Amino acid sequence: MPTFTTVFRAKINPYPQIPLSSLGFQIECAMFDLAGNRWAISYYPTVCSWPEGAIFRVTLLTETTISLKQTIQLRIIDSSGRTSEVAKRNWVYHEQNDALYMKFKPKIKLDSLRYVKDGCVLFEFVVSVTKWNSTELENKQQLFVPNPSFLEKYGPLLESGIGADLPYEVLQQWFPEIIEAHKA
């Protein structure tokens, strides 16, 4: 299953006016291509379910016939250019318009001069996408069913308890039973 990775930056501009925005207000801040798909990132500065923070939404814009597992690290860049991770999430996209929502640091800390430079706040995204082929996954997840010769050879050994190294008690309704088991 191939994995693709990219790093890009998104600028929230002009940041000082955003805290005054209304509930549900969003900024479309970036689009990018990765793993043969188009993605969009939106910024929600005011969220009623989390009033002290903000959210980025990462949306799959293209149609897909396979599942896409995404790992995303969100970093904020301070005025000196140093990055600090503020969120990390994994998500699996199954169809067009599936979206991941990432909560991050409270806005109070973002408002400090440490993060606002020239009226903007800059974020860095490290995004990895792994393409999952559902038939490939199904094949890997199939249960092992032993053939009859395996059961003929090892069934009596398991039933006899010879060489067992782990006894455990099975509680039945009226009579507990000790079963000898093998670790391996």
# chains A, B, ... in the order shown; residues from 1 in each chain; ligands from 1

call {"tool": "residues_around", "arguments": {"residues": "region 119-134 of chain A", "least_positions_apart": "2", "cutoff": "7 Å", "atoms": "only C-alpha atoms", "output": "JSON, numbers by chain"}}
result
{"A": [1, 2, 3, 4, 5, 6, 7, 8, 9, 10, 11, 12, 13, 14, 15, 16, 35, 66, 67, 68, 69, 70, 71, 72, 73, 74, 75, 76, 77, 115, 116, 117, 136, 137, 138]}

call {"tool": "atom_distance", "arguments": {"atom1": "CA of Asp118 (chain A)", "atom2": "CA of Lys88 (chain A)"}}
result
26.7 Å

call {"tool": "residues_around", "arguments": {"residues": "Phe32 (chain A)", "least_positions_apart": "6", "cutoff": "9 Å", "atoms": "only C-alpha atoms", "output": "PDB file with N, CA, C and O atoms, in the first residue's frame"}}
result
ATOM      1  N   PHE A   8       3.236  21.583   3.454  1.00  0.00           N
ATOM      2  CA  PHE A   8       2.905  22.876   2.872  1.00  0.00           C
ATOM      3  C   PHE A   8       2.469  23.834   3.977  1.00  0.00           C
ATOM      4  O   PHE A   8       2.212  23.425   5.103  1.00  0.00           O
ATOM      5  N   ARG A  38      -7.324  15.651  -4.799  1.00  0.00           N
ATOM      6  CA  ARG A  38      -7.349  17.079  -4.469  1.00  0.00           C
ATOM      7  C   ARG A  38      -7.962  17.223  -3.082  1.00  0.00           C
ATOM      8  O   ARG A  38      -8.969  16.599  -2.768  1.00  0.00           O
ATOM      9  N   TRP A  39      -7.342  18.057  -2.252  1.00  0.00           N
ATOM     10  CA  TRP A  39      -7.757  18.269  -0.868  1.00  0.00           C
ATOM     11  C   TRP A  39      -7.936  19.762  -0.625  1.00  0.00           C
ATOM     12  O   TRP A  39      -7.274  20.579  -1.248  1.00  0.00           O
ATOM     13  N   ALA A  40      -8.800  20.119   0.333  1.00  0.00           N
ATOM     14  CA  ALA A  40      -8.986  21.520   0.720  1.00  0.00           C
ATOM     15  C   ALA A  40      -8.894  21.633   2.232  1.00  0.00           C
ATOM     16  O   ALA A  40      -9.313  20.726   2.968  1.00  0.00           O
ATOM     17  N   ILE A  41      -8.345  22.762   2.683  1.00  0.00           N
ATOM     18  CA  ILE A  41      -8.259  23.037   4.120  1.00  0.00           C
ATOM     19  C   ILE A  41      -9.006  24.327   4.404  1.00  0.00           C
ATOM     20  O   ILE A  41      -8.778  25.349   3.740  1.00  0.00           O
TER      21      ILE A  41
END

call {"tool": "closest_residue", "arguments": {"among": "A:Gln26, A:Ser42, A:Arg82, A:Glu95", "to": "Val58 (chain A)", "atoms": "only C-alpha atoms"}}
result
A:Ser42

call {"tool": "atom_distance", "arguments": {"atom1": "CA of Asp98 (chain A)", "atom2": "CA of Thr64 (chain A)"}}
result
10.5 Å

call {"tool": "residues_around", "arguments": {"residues": "Tyr44 (chain A)", "least_positions_apart": "6", "cutoff": "7 Å", "atoms": "only C-alpha atoms", "output": "ChimeraX atom specification"}}
result
/A:24-27,54-56

call {"tool": "select_by_dssp", "arguments": {"residues": "region 28-133 of chain A", "states": "strand (DSSP E)", "output": "PyMOL selection string"}}
result
chain A and resi 28-34+37-44+54-60+67-77+83-93+99-104+116-117+120-132

call {"tool": "write_last_selection", "arguments": {"atoms": "C-alpha atoms", "output": "CSV table (one decimal), in the first residue's frame"}}
result
chain,number,residue,atom,x,y,z
A,28,GLU,CA,-10.8,28.6,2.7
A,29,CYS,CA,-7.0,28.7,3.3
A,30,ALA,CA,-5.4,26.1,1.1
A,31,MET,CA,-5.9,23.4,-1.6
A,32,PHE,CA,-3.3,20.8,-2.4
A,33,ASP,CA,-2.8,17.6,-4.4
A,34,LEU,CA,-1.6,14.4,-2.9
A,37,ASN,CA,-6.4,13.4,-5.1
A,38,ARG,CA,-7.3,17.1,-4.5
A,39,TRP,CA,-7.8,18.3,-0.9
A,40,ALA,CA,-9.0,21.5,0.7
A,41,ILE,CA,-8.3,23.0,4.1
A,42,SER,CA,-10.7,25.4,5.8
A,43,TYR,CA,-10.2,27.4,9.0
A,44,TYR,CA,-13.1,27.9,11.5
A,54,ALA,CA,-10.5,26.9,16.6
A,55,ILE,CA,-10.7,24.1,14.0
A,56,PHE,CA,-9.2,23.2,10.7
A,57,ARG,CA,-11.2,21.0,8.3
A,58,VAL,CA,-9.4,18.8,5.8
A,59,THR,CA,-11.8,17.7,3.0
A,60,LEU,CA,-11.3,15.2,0.2
A,67,SER,CA,-10.0,4.2,1.1
A,68,LEU,CA,-7.4,6.8,1.9
A,69,LYS,CA,-5.8,6.8,5.4
A,70,GLN,CA,-4.4,10.2,6.2
A,71,THR,CA,-2.1,11.2,9.0
A,72,ILE,CA,-1.8,15.0,9.5
A,73,GLN,CA,0.4,17.1,11.8
A,74,LEU,CA,-0.6,20.7,12.3
A,75,ARG,CA,2.2,23.0,13.3
A,76,ILE,CA,2.1,26.7,14.1
A,77,ILE,CA,5.0,28.9,12.9
A,83,THR,CA,7.4,25.4,14.4
A,84,SER,CA,5.5,23.9,17.2
A,85,GLU,CA,3.1,20.9,16.8
A,86,VAL,CA,-0.4,21.9,17.9
A,87,ALA,CA,-2.4,18.8,16.7
A,88,LYS,CA,-2.0,15.4,15.1
A,89,ARG,CA,-4.8,13.2,13.8
A,90,ASN,CA,-5.4,10.1,11.7
A,91,TRP,CA,-8.5,9.7,9.5
A,92,VAL,CA,-9.8,7.4,6.8
A,93,TYR,CA,-11.5,8.9,3.8
A,99,ALA,CA,-13.7,15.6,6.1
A,100,LEU,CA,-11.4,15.5,9.1
A,101,TYR,CA,-11.8,18.2,11.8
A,102,MET,CA,-8.7,19.2,13.8
A,103,LYS,CA,-9.0,21.2,17.0
A,104,PHE,CA,-6.0,23.1,18.1
A,116,VAL,CA,1.1,37.0,14.5
A,117,LYS,CA,3.5,38.5,11.9
A,120,CYS,CA,-1.0,36.9,9.6
A,121,VAL,CA,-0.8,33.6,11.4
A,122,LEU,CA,1.2,30.9,9.5
A,123,PHE,CA,0.6,27.1,9.8
A,124,GLU,CA,2.5,24.2,8.5
A,125,PHE,CA,0.8,20.9,7.6
A,126,VAL,CA,2.7,17.6,7.2
A,127,VAL,CA,0.3,15.3,5.4
A,128,SER,CA,0.7,11.6,4.7
A,129,VAL,CA,-1.8,9.6,2.7
A,130,THR,CA,-1.8,5.8,2.3
A,131,LYS,CA,-4.0,4.2,-0.4
A,132,TRP,CA,-6.0,1.2,0.9
